[in-house]
>>> print(open('run_9.txt').read())   # compact mmCIF, C-alpha atoms (C1' of nucleotides)
# COMPACT_ATOMS: atom_id res chain seq x y z
CA MET A 1 98.12 84.33 106.05
CA ARG A 2 101.49 83.36 104.66
CA ILE A 3 102.57 83.60 101.06
CA ILE A 4 104.41 80.64 99.58
CA ASN A 5 106.09 81.16 96.25
CA ASN A 6 107.55 78.07 94.64
CA GLY A 7 108.67 79.84 91.51
CA LYS A 8 105.69 78.80 89.41
CA ASP A 9 102.68 79.17 91.65
CA ILE A 10 101.82 81.36 94.59
CA VAL A 11 99.92 79.95 97.52
CA LEU A 12 98.12 82.16 99.99
CA ALA A 13 98.09 79.74 102.90
CA ASP A 14 95.60 80.22 105.72
CA PHE A 15 93.91 83.01 103.82
CA ALA A 16 91.12 83.80 106.25
CA ASN A 17 87.71 85.08 105.33
CA PHE A 18 88.04 84.03 101.72
CA ASP A 19 86.01 81.69 99.57
CA LEU A 20 86.91 81.71 95.90
CA LYS A 21 83.64 80.23 94.70
CA GLU A 22 81.42 82.51 96.76
CA SER A 23 83.40 85.60 95.89
CA LEU A 24 83.27 84.94 92.15
CA GLU A 25 79.74 83.62 91.92
CA CYS A 26 77.91 86.20 94.00
CA GLY A 27 77.17 88.37 90.98
CA GLN A 28 79.86 91.01 91.33
CA CYS A 29 81.99 89.93 88.37
CA PHE A 30 81.34 88.20 85.07
CA ASN A 31 84.63 87.32 83.41
CA PHE A 32 85.50 83.91 84.84
CA VAL A 33 84.92 80.21 84.17
CA ARG A 34 84.90 77.25 86.52
CA THR A 35 87.52 74.82 85.24
CA ASP A 36 87.50 71.77 87.50
CA ASP A 37 84.99 68.95 87.23
CA CYS A 38 83.01 69.94 90.33
CA THR A 39 83.25 66.45 91.83
CA ASP A 40 85.29 67.32 94.90
CA ASN A 41 83.29 69.32 97.41
CA SER A 42 86.28 70.73 99.20
CA PHE A 43 87.95 71.93 96.03
CA CYS A 44 87.19 74.40 93.28
CA ALA A 45 89.17 75.93 90.42
CA TYR A 46 88.54 78.88 88.14
CA LYS A 47 89.97 80.79 85.24
CA ILE A 48 89.70 84.48 85.92
CA ILE A 49 90.22 87.13 83.27
CA ALA A 50 91.00 90.59 84.62
CA GLY A 51 93.51 93.36 84.31
CA GLY A 52 94.63 92.22 80.87
CA ARG A 53 95.68 88.94 82.46
CA VAL A 54 94.46 85.37 82.72
CA LEU A 55 94.75 83.64 86.06
CA PHE A 56 94.03 80.05 86.96
CA ALA A 57 93.26 79.75 90.66
CA SER A 58 92.07 77.04 92.99
CA GLN A 59 91.07 76.73 96.60
CA ARG A 60 91.27 73.87 99.06
CA ASN A 61 90.31 74.65 102.65
CA SER A 62 91.82 78.05 103.38
CA ASP A 63 94.61 77.79 100.84
CA LEU A 64 94.27 79.78 97.66
CA THR A 65 96.65 78.81 94.87
CA LEU A 66 97.41 81.17 91.99
CA TYR A 67 98.99 79.27 89.09
CA ASP A 68 101.69 80.36 86.69
CA THR A 69 102.03 83.82 88.12
CA SER A 70 104.78 85.83 89.78
CA MET A 71 105.17 87.89 92.90
CA GLU A 72 105.45 90.93 90.66
CA ASP A 73 102.08 90.20 89.10
CA TYR A 74 100.59 89.31 92.43
CA GLU A 75 101.69 92.54 94.01
CA ALA A 76 100.89 94.64 90.96
CA PHE A 77 97.39 93.31 90.47
CA TRP A 78 95.97 90.20 92.12
CA SER A 79 96.59 91.19 95.71
CA ASN A 80 94.39 94.21 95.25
CA TYR A 81 91.91 92.32 93.05
CA PHE A 82 91.22 89.82 95.82
CA ASP A 83 91.12 92.61 98.42
CA VAL A 84 93.77 90.75 100.40
CA ASP A 85 94.72 93.57 102.74
CA THR A 86 91.22 94.30 103.97
CA ASP A 87 90.31 93.09 107.46
CA TYR A 88 87.01 91.29 107.06
CA GLY A 89 86.82 90.29 110.70
CA GLU A 90 86.27 93.89 111.68
CA ILE A 91 83.81 94.50 108.84
CA LYS A 92 81.66 91.49 109.68
CA LYS A 93 81.59 92.37 113.35
CA SER A 94 80.40 95.86 112.57
CA ILE A 95 77.70 94.61 110.21
CA ILE A 96 76.38 92.09 112.72
CA GLU A 97 76.13 94.85 115.30
CA ALA A 98 74.15 96.98 112.87
CA CYS A 99 71.95 94.09 111.74
CA PRO A 100 71.81 91.02 114.01
CA GLU A 101 69.64 89.19 111.45
CA LEU A 102 72.78 88.80 109.36
CA GLU A 103 74.82 86.95 111.96
CA GLU A 104 73.78 83.53 110.72
CA VAL A 105 74.43 84.11 107.00
CA ILE A 106 77.74 85.76 107.72
CA LYS A 107 78.82 82.75 109.75
CA GLU A 108 77.62 80.38 107.06
CA ASN A 109 79.24 82.38 104.26
CA PRO A 110 82.36 83.79 105.87
CA GLY A 111 84.40 83.98 102.70
CA ILE A 112 82.68 86.52 100.49
CA ARG A 113 85.00 89.34 99.54
CA LEU A 114 84.37 92.38 97.42
CA LEU A 115 86.77 92.20 94.52
CA ASN A 116 88.50 95.33 93.28
CA GLN A 117 87.70 95.36 89.60
CA GLU A 118 88.71 97.80 86.93
CA TYR A 119 86.58 100.85 86.43
CA PHE A 120 85.93 100.70 82.71
CA GLU A 121 85.14 97.00 82.60
CA THR A 122 82.84 97.38 85.59
CA LEU A 123 81.03 100.28 83.97
CA ILE A 124 80.35 98.43 80.72
CA SER A 125 79.55 95.13 82.46
CA PHE A 126 76.91 96.64 84.70
CA ILE A 127 75.34 98.59 81.84
CA ILE A 128 74.96 95.19 80.21
CA SER A 129 73.59 93.68 83.41
CA GLN A 130 70.31 95.56 83.35
CA ASN A 131 67.33 93.31 82.78
CA LYS A 132 69.56 90.30 82.23
CA GLN A 133 70.41 87.21 84.21
CA ILE A 134 73.96 86.40 85.15
CA PRO A 135 74.60 83.65 82.55
CA GLN A 136 73.46 86.05 79.82
CA ILE A 137 75.58 88.90 81.15
CA LYS A 138 78.57 86.59 81.07
CA ALA A 139 77.73 85.56 77.52
CA VAL A 140 77.69 89.16 76.29
CA VAL A 141 80.93 89.95 78.12
CA ARG A 142 82.55 86.91 76.54
CA GLN A 143 81.40 87.76 73.04
CA LEU A 144 82.60 91.35 73.32
CA SER A 145 85.95 90.04 74.56
CA GLU A 146 86.23 87.56 71.72
CA MET A 147 85.36 90.23 69.21
CA ALA A 148 87.73 92.96 70.37
CA GLY A 149 89.85 91.87 73.32
CA LYS A 150 93.45 90.74 73.55
CA LYS A 151 93.93 87.03 72.96
CA ILE A 152 95.96 85.05 75.50
CA ASP A 153 96.94 81.40 75.21
CA SER A 154 97.65 79.47 78.39
CA ASP A 155 99.66 76.29 78.73
CA VAL A 156 97.23 74.08 80.58
CA ALA A 157 99.00 70.71 80.37
CA ARG A 158 100.35 70.93 83.91
CA LEU A 159 97.05 72.30 85.19
CA ARG A 160 95.25 69.30 83.75
CA LYS A 161 97.54 66.99 85.67
CA LEU A 162 96.75 68.93 88.83
CA LYS A 163 93.01 68.62 88.06
CA VAL A 164 92.77 72.37 88.12
CA VAL A 165 91.60 72.18 84.54
CA ASN A 166 89.32 69.23 84.02
CA GLN A 167 87.02 70.42 81.28
CA ASP A 168 87.48 70.17 77.56
CA ASN A 169 88.73 72.58 74.91
CA ILE A 170 88.51 76.40 74.73
CA ILE A 171 90.02 76.83 78.16
CA MET A 172 93.52 77.34 76.83
CA THR A 173 92.51 80.35 74.74
CA SER A 174 91.15 83.41 76.49
CA TYR A 175 90.16 86.90 75.46
CA CYS A 176 90.55 89.85 77.77
CA PHE A 177 87.79 92.35 78.24
CA PRO A 178 88.36 95.02 75.58
CA THR A 179 90.22 98.13 76.63
CA LEU A 180 88.80 101.58 76.01
CA GLU A 181 90.88 101.85 72.87
CA GLU A 182 89.64 98.50 71.60
CA PHE A 183 86.06 99.43 72.39
CA SER A 184 86.34 102.73 70.59
CA LYS A 185 86.84 100.88 67.31
CA LEU A 186 83.55 99.00 67.62
CA THR A 187 80.35 100.19 66.01
CA GLU A 188 76.92 100.00 67.56
CA ASP A 189 76.15 97.11 65.22
CA ASP A 190 79.25 95.25 66.41
CA ILE A 191 78.01 95.58 69.97
CA ARG A 192 74.52 94.48 68.98
CA ALA A 193 76.06 91.43 67.33
CA CYS A 194 77.31 90.45 70.79
CA LYS A 195 73.66 90.29 71.91
CA ALA A 196 73.74 93.48 73.91
CA GLY A 197 70.33 94.38 72.50
CA PHE A 198 68.93 97.75 73.52
CA ARG A 199 72.00 98.35 75.68
CA ALA A 200 74.22 98.82 72.63
CA PRO A 201 73.61 102.59 72.37
CA TYR A 202 74.18 102.89 76.11
CA ILE A 203 77.57 101.24 75.76
CA MET A 204 78.38 103.54 72.84
CA ASP A 205 77.56 106.53 75.01
CA ALA A 206 79.75 105.29 77.84
CA VAL A 207 82.66 104.68 75.49
CA ARG A 208 82.20 108.03 73.76
CA ARG A 209 82.18 110.01 76.98
CA THR A 210 85.21 108.12 78.27
CA VAL A 211 87.22 108.56 75.08
CA TYR A 212 86.27 112.21 74.96
CA GLY A 213 87.61 112.57 78.50
CA GLU A 214 84.35 113.90 79.87
CA ILE A 215 83.94 111.05 82.37
CA THR A 216 86.98 108.91 83.16
CA GLU A 217 88.23 107.14 86.23
CA ASP A 218 90.28 110.21 87.09
CA SER A 219 87.15 112.36 87.07
CA PHE A 220 86.05 110.80 90.34
CA MET A 221 89.13 111.69 92.33
CA GLY A 222 88.22 114.19 94.97
CA LEU A 223 84.49 113.75 94.45
CA SER A 224 82.19 112.60 97.21
CA THR A 225 80.33 109.37 96.53
CA ASP A 226 77.14 111.33 95.90
CA GLU A 227 78.88 113.59 93.42
CA ALA A 228 80.52 110.62 91.73
CA ARG A 229 77.15 108.91 91.41
CA GLN A 230 75.62 111.99 89.79
CA LEU A 231 78.47 112.13 87.31
CA LEU A 232 78.13 108.45 86.40
CA MET A 233 74.40 108.87 85.87
CA LYS A 234 75.03 111.35 83.07
CA ILE A 235 75.88 108.31 80.98
CA LYS A 236 72.86 106.96 79.11
CA GLY A 237 71.79 103.64 80.55
CA VAL A 238 73.40 104.32 83.91
CA GLY A 239 70.79 104.80 86.59
CA GLU A 240 71.00 104.69 90.35
CA LYS A 241 71.57 100.94 90.61
CA VAL A 242 74.20 100.58 87.89
CA ALA A 243 76.00 103.67 89.17
CA ASN A 244 76.14 102.20 92.66
CA CYS A 245 77.54 98.93 91.33
CA VAL A 246 80.27 100.81 89.47
CA LEU A 247 81.06 102.82 92.58
CA LEU A 248 81.17 99.73 94.76
CA PHE A 249 82.93 97.21 92.53
CA GLY A 250 84.92 99.41 90.17
CA LEU A 251 85.83 102.47 92.19
CA GLY A 252 86.33 101.01 95.65
CA ARG A 253 83.51 103.06 97.17
CA ARG A 254 82.46 100.53 99.77
CA GLU A 255 79.76 102.77 101.19
CA ALA A 256 77.73 102.43 97.97
CA PHE A 257 74.60 100.35 98.36
CA PRO A 258 73.00 99.15 95.10
CA VAL A 259 69.29 98.51 95.46
CA ASP A 260 67.80 96.15 92.90
CA VAL A 261 64.46 94.35 92.99
CA TRP A 262 65.93 91.74 95.31
CA MET A 263 67.49 94.17 97.74
CA LYS A 264 64.20 96.04 97.83
CA ARG A 265 62.33 92.90 98.82
CA ILE A 266 64.95 91.87 101.37
CA MET A 267 65.09 95.27 103.09
CA GLU A 268 61.33 95.50 103.12
CA ASP A 269 61.20 92.09 104.74
CA ILE A 270 63.70 92.97 107.48
CA TYR A 271 63.01 96.63 108.15
CA PHE A 272 60.06 98.26 106.47
CA HIS A 273 57.29 95.64 106.24
CA ALA A 274 55.71 97.72 103.50
CA ASP A 275 56.32 98.84 99.95
CA THR A 276 59.20 101.33 100.12
CA PRO A 277 60.89 103.36 97.36
CA LYS A 278 64.40 102.31 96.43
CA ASP A 279 65.96 105.67 97.25
CA LYS A 280 64.52 105.49 100.77
CA ILE A 281 66.03 102.03 101.18
CA GLU A 282 69.40 103.21 99.93
CA ALA A 283 69.40 106.19 102.28
CA PHE A 284 68.42 104.00 105.21
CA ALA A 285 71.18 101.47 104.47
CA THR A 286 73.96 104.00 104.02
CA GLU A 287 72.90 105.60 107.29
CA ARG A 288 72.78 102.29 109.11
CA PHE A 289 75.87 100.57 107.69
CA GLY A 290 77.97 103.61 106.87
CA LYS A 291 81.28 102.88 105.21
CA TYR A 292 80.46 99.16 105.21
CA ALA A 293 77.13 99.42 103.37
CA GLY A 294 78.52 97.75 100.26
CA TYR A 295 79.73 94.74 102.21
CA ALA A 296 76.42 94.54 104.04
CA GLN A 297 74.64 94.46 100.70
CA GLN A 298 76.44 91.23 99.76
CA TYR A 299 75.43 89.46 102.94
CA LEU A 300 71.90 90.81 102.73
CA PHE A 301 71.62 89.42 99.23
CA ILE A 302 72.46 85.91 100.38
CA TYR A 303 70.21 86.28 103.38
CA GLY A 304 67.37 87.21 101.08
CA LYS A 305 68.01 84.50 98.55
CA ASN A 306 67.87 81.90 101.31
CA LYS A 307 64.87 83.30 103.11
CA LEU A 308 62.64 84.68 100.38
CA LYS A 309 61.59 82.82 97.23
C1' DC B 1 53.00 80.84 73.28
C1' DT B 2 53.60 83.83 77.45
C1' DC B 3 56.35 85.59 81.07
C1' DC B 4 60.28 87.46 83.16
C1' DA B 5 65.15 88.62 84.14
C1' DG B 6 70.08 91.90 90.11
C1' DG B 7 67.05 98.49 85.10
C1' DT B 8 66.60 102.70 82.64
C1' DC B 9 64.50 105.79 79.47
C1' DG B 10 60.87 108.55 77.74
C1' DT B 11 56.21 109.64 78.14
C1' DT B 12 52.00 110.48 80.81
C1' DG B 13 48.95 111.77 84.72
C1' DC C 1 57.67 113.48 90.64
C1' DA C 2 55.17 108.62 90.75
C1' DA C 3 53.50 105.38 87.53
C1' DC C 4 53.96 102.61 83.29
C1' DG C 5 55.21 100.52 78.89
C1' DA C 6 59.11 99.68 75.77
C1' DC C 7 63.36 97.79 75.10
C1' DA C 8 66.57 92.79 72.88
C1' DT C 9 67.44 88.31 74.01
C1' DG C 10 67.09 83.73 75.76
C1' DG C 11 65.45 80.43 79.01
C1' DA C 12 61.61 78.53 82.05
>>> encode(input="run_9.txt", output="structure tokens")
Amino acid sequence: MRIINNGKDIVLADFANFDLKESLECGQCFNFVRTDDCTDNSFCAYKIIAGGRVLFASQRNSDLTLYDTSMEDYEAFWSNYFDVDTDYGEIKKSIIEACPELEEVIKENPGIRLLNQEYFETLISFIISQNKQIPQIKAVVRQLSEMAGKKIDSDVARLRKLKVVNQDNIIMTSYCFPTLEEFSKLTEDDIRACKAGFRAPYIMDAVRRTVYGEITEDSFMGLSTDEARQLLMKIKGVGEKVANCVLLFGLGRREAFPVDVWMKRIMEDIYFHADTPKDKIEAFATERFGKYAGYAQQYLFIYGKNKLK
DNA sequence: CTCCAGGTCGTTG
DNA sequence: CAACGACATGGA
């Protein structure tokens, strides 16, 4: 990969093992919008909101373009967000060795990366995710952001000319996911008003414990993944699955292996051929895939979606 | 109108 | 400790 910086935009040219669309739309993050008109198959463009920033990005072939950003911002945030320094060639090889059934999906979907998201946003987002479908999760995240998050206006005139933005209105104004401080000012009714439903008290509990300092990102330093999971699960509304998602997506614990209803079905189809408890499946996967279990989970998910249902 | 969605909690056997 | 219904909301 080479980085080209023309003063306005940054291009990651020949960025291997990366597909913007697959990486955003595989269910690991919720704060983004597709902005192009979806007519060109070899092109896609998105607005991504993360890290108190708004980024317009597009991909053509293996070139990823980040618009209206700087090398400082890239190095301070986006490089890590897109997991740029991780060698996916090695990871995929190891996973195929552990599970040959995945060779085909991995070759067909070579560009899925695990994004490095912020802890607090990941925690709240995956509390919301329970018993909801992705479009609805995104809707709640957006409403919370509009209610309490920082407002950012983008100048999209140039991006329209470049066809990076090809959809009407609202795209120029964005709202960041609320910070802890912004969340702490919301009441349970505010959160309910964002359609969080029965998850509202769970979110309140997560915010309360974080504000109080009982469970913060720093609390996990020096803890094993098992210990970190136990700590996360003290939060109301955080069970095994949500905790594993927070570990994997928000705390960089790539050995975490979230088991949802889908993963249960997929693993039963490949390995167990019988009804198997989720904790057994999780233990089996972490044993088999080790430090790459979280990556394996992404490929397994696609494998299952294609094969089952 | 009924059923279910990338779960978790609280209550029963 | 395994099983089971409740829980908000919106879309199929």
>>> residues_around(input="run_9.txt", residues="region 7-9 of chain C", least_positions_apart="6", cutoff="8 Å", atoms="all atoms listed in the file", output="mmCIF file with C-alpha atoms, keeping the file's coordinate frame")
data_model
loop_
_atom_site.group_PDB
_atom_site.id
_atom_site.type_symbol
_atom_site.label_atom_id
_atom_site.label_comp_id
_atom_site.auth_asym_id
_atom_site.auth_seq_id
_atom_site.Cartn_x
_atom_site.Cartn_y
_atom_site.Cartn_z
ATOM 1 C CA LYS A 195 73.660 90.290 71.910
ATOM 2 C CA ALA A 196 73.740 93.480 73.910
ATOM 3 C CA GLY A 197 70.330 94.380 72.500
ATOM 4 C CA PHE A 198 68.930 97.750 73.520
#
>>> atom_distance(input="run_9.txt", atom1="CA of Ile302 (chain A)", atom2="CA of Glu90 (chain A)")
19.5 Å
>>> closest_residue(input="run_9.txt", among="A:Asp36, A:Ile191, A:Leu162, A:Gly27", to="DG6 (chain B)", atoms="only C-alpha atoms (C1' of nucleotides)")
A:Gly27
>>> interface_residues(input="run_9.txt", of="chain A", to="chain B", cutoff="6 Å", atoms="only C-alpha atoms (C1' of nucleotides)", output="list of chain:residue names")
A:Gln130, A:Asn131, A:Lys132, A:Gln133, A:Gly237, A:Asp260
>>> closest_residue(input="run_9.txt", among="A:Ser174, A:Thr276, A:Gln136, A:Asn244", to="chain C", atoms="only C-alpha atoms (C1' of nucleotides)")
A:Gln136
>>> residues_near_point(input="run_9.txt", point="(89.7, 106.9, 88.9)", cutoff="9 Å", atoms="all atoms listed in the file", output="list in words")
Tyr119, Thr216, Glu217, Asp218, Ser219, Phe220, Met221, Gly250 and Leu251 of chain A
>>> atom_distance(input="run_9.txt", atom1="CA of Leu64 (chain A)", atom2="CA of Asp168 (chain A)")
23.3 Å
>>> residues_near_point(input="run_9.txt", point="(92.4, 93.0, 105.5)", cutoff="12 Å", atoms="all atoms listed in the file", output="PyMOL selection string")
chain A and resi 1+15-18+79-80+82-92+113-114
>>> residues_around(input="run_9.txt", residues="Cys44 (chain A)", least_positions_apart="5", cutoff="10 Å", atoms="only C-alpha atoms (C1' of nucleotides)", output="number ranges by chain")
A: 19-21, 34-39, 57-61, 64, 163-164
>>> write_last_selection(input="run_9.txt", atoms="C-alpha atoms", output="mmCIF file, keeping the file's coordinate frame")
data_model
loop_
_atom_site.group_PDB
_atom_site.id
_atom_site.type_symbol
_atom_site.label_atom_id
_atom_site.label_comp_id
_atom_site.auth_asym_id
_atom_site.auth_seq_id
_atom_site.Cartn_x
_atom_site.Cartn_y
_atom_site.Cartn_z
ATOM 1 C CA ASP A 19 86.010 81.690 99.570
ATOM 2 C CA LEU A 20 86.910 81.710 95.900
ATOM 3 C CA LYS A 21 83.640 80.230 94.700
ATOM 4 C CA ARG A 34 84.900 77.250 86.520
ATOM 5 C CA THR A 35 87.520 74.820 85.240
ATOM 6 C CA ASP A 36 87.500 71.770 87.500
ATOM 7 C CA ASP A 37 84.990 68.950 87.230
ATOM 8 C CA CYS A 38 83.010 69.940 90.330
ATOM 9 C CA THR A 39 83.250 66.450 91.830
ATOM 10 C CA ALA A 57 93.260 79.750 90.660
ATOM 11 C CA SER A 58 92.070 77.040 92.990
ATOM 12 C CA GLN A 59 91.070 76.730 96.600
ATOM 13 C CA ARG A 60 91.270 73.870 99.060
ATOM 14 C CA ASN A 61 90.310 74.650 102.650
ATOM 15 C CA LEU A 64 94.270 79.780 97.660
ATOM 16 C CA LYS A 163 93.010 68.620 88.060
ATOM 17 C CA VAL A 164 92.770 72.370 88.120
#
>>> atom_distance(input="run_9.txt", atom1="CA of Asp155 (chain A)", atom2="CA of Met172 (chain A)")
6.5 Å
>>> closest_residue(input="run_9.txt", among="A:Ile95, A:Ile10, A:Ala50, A:Ile137", to="chain C", atoms="all atoms listed in the file")
A:Ile137
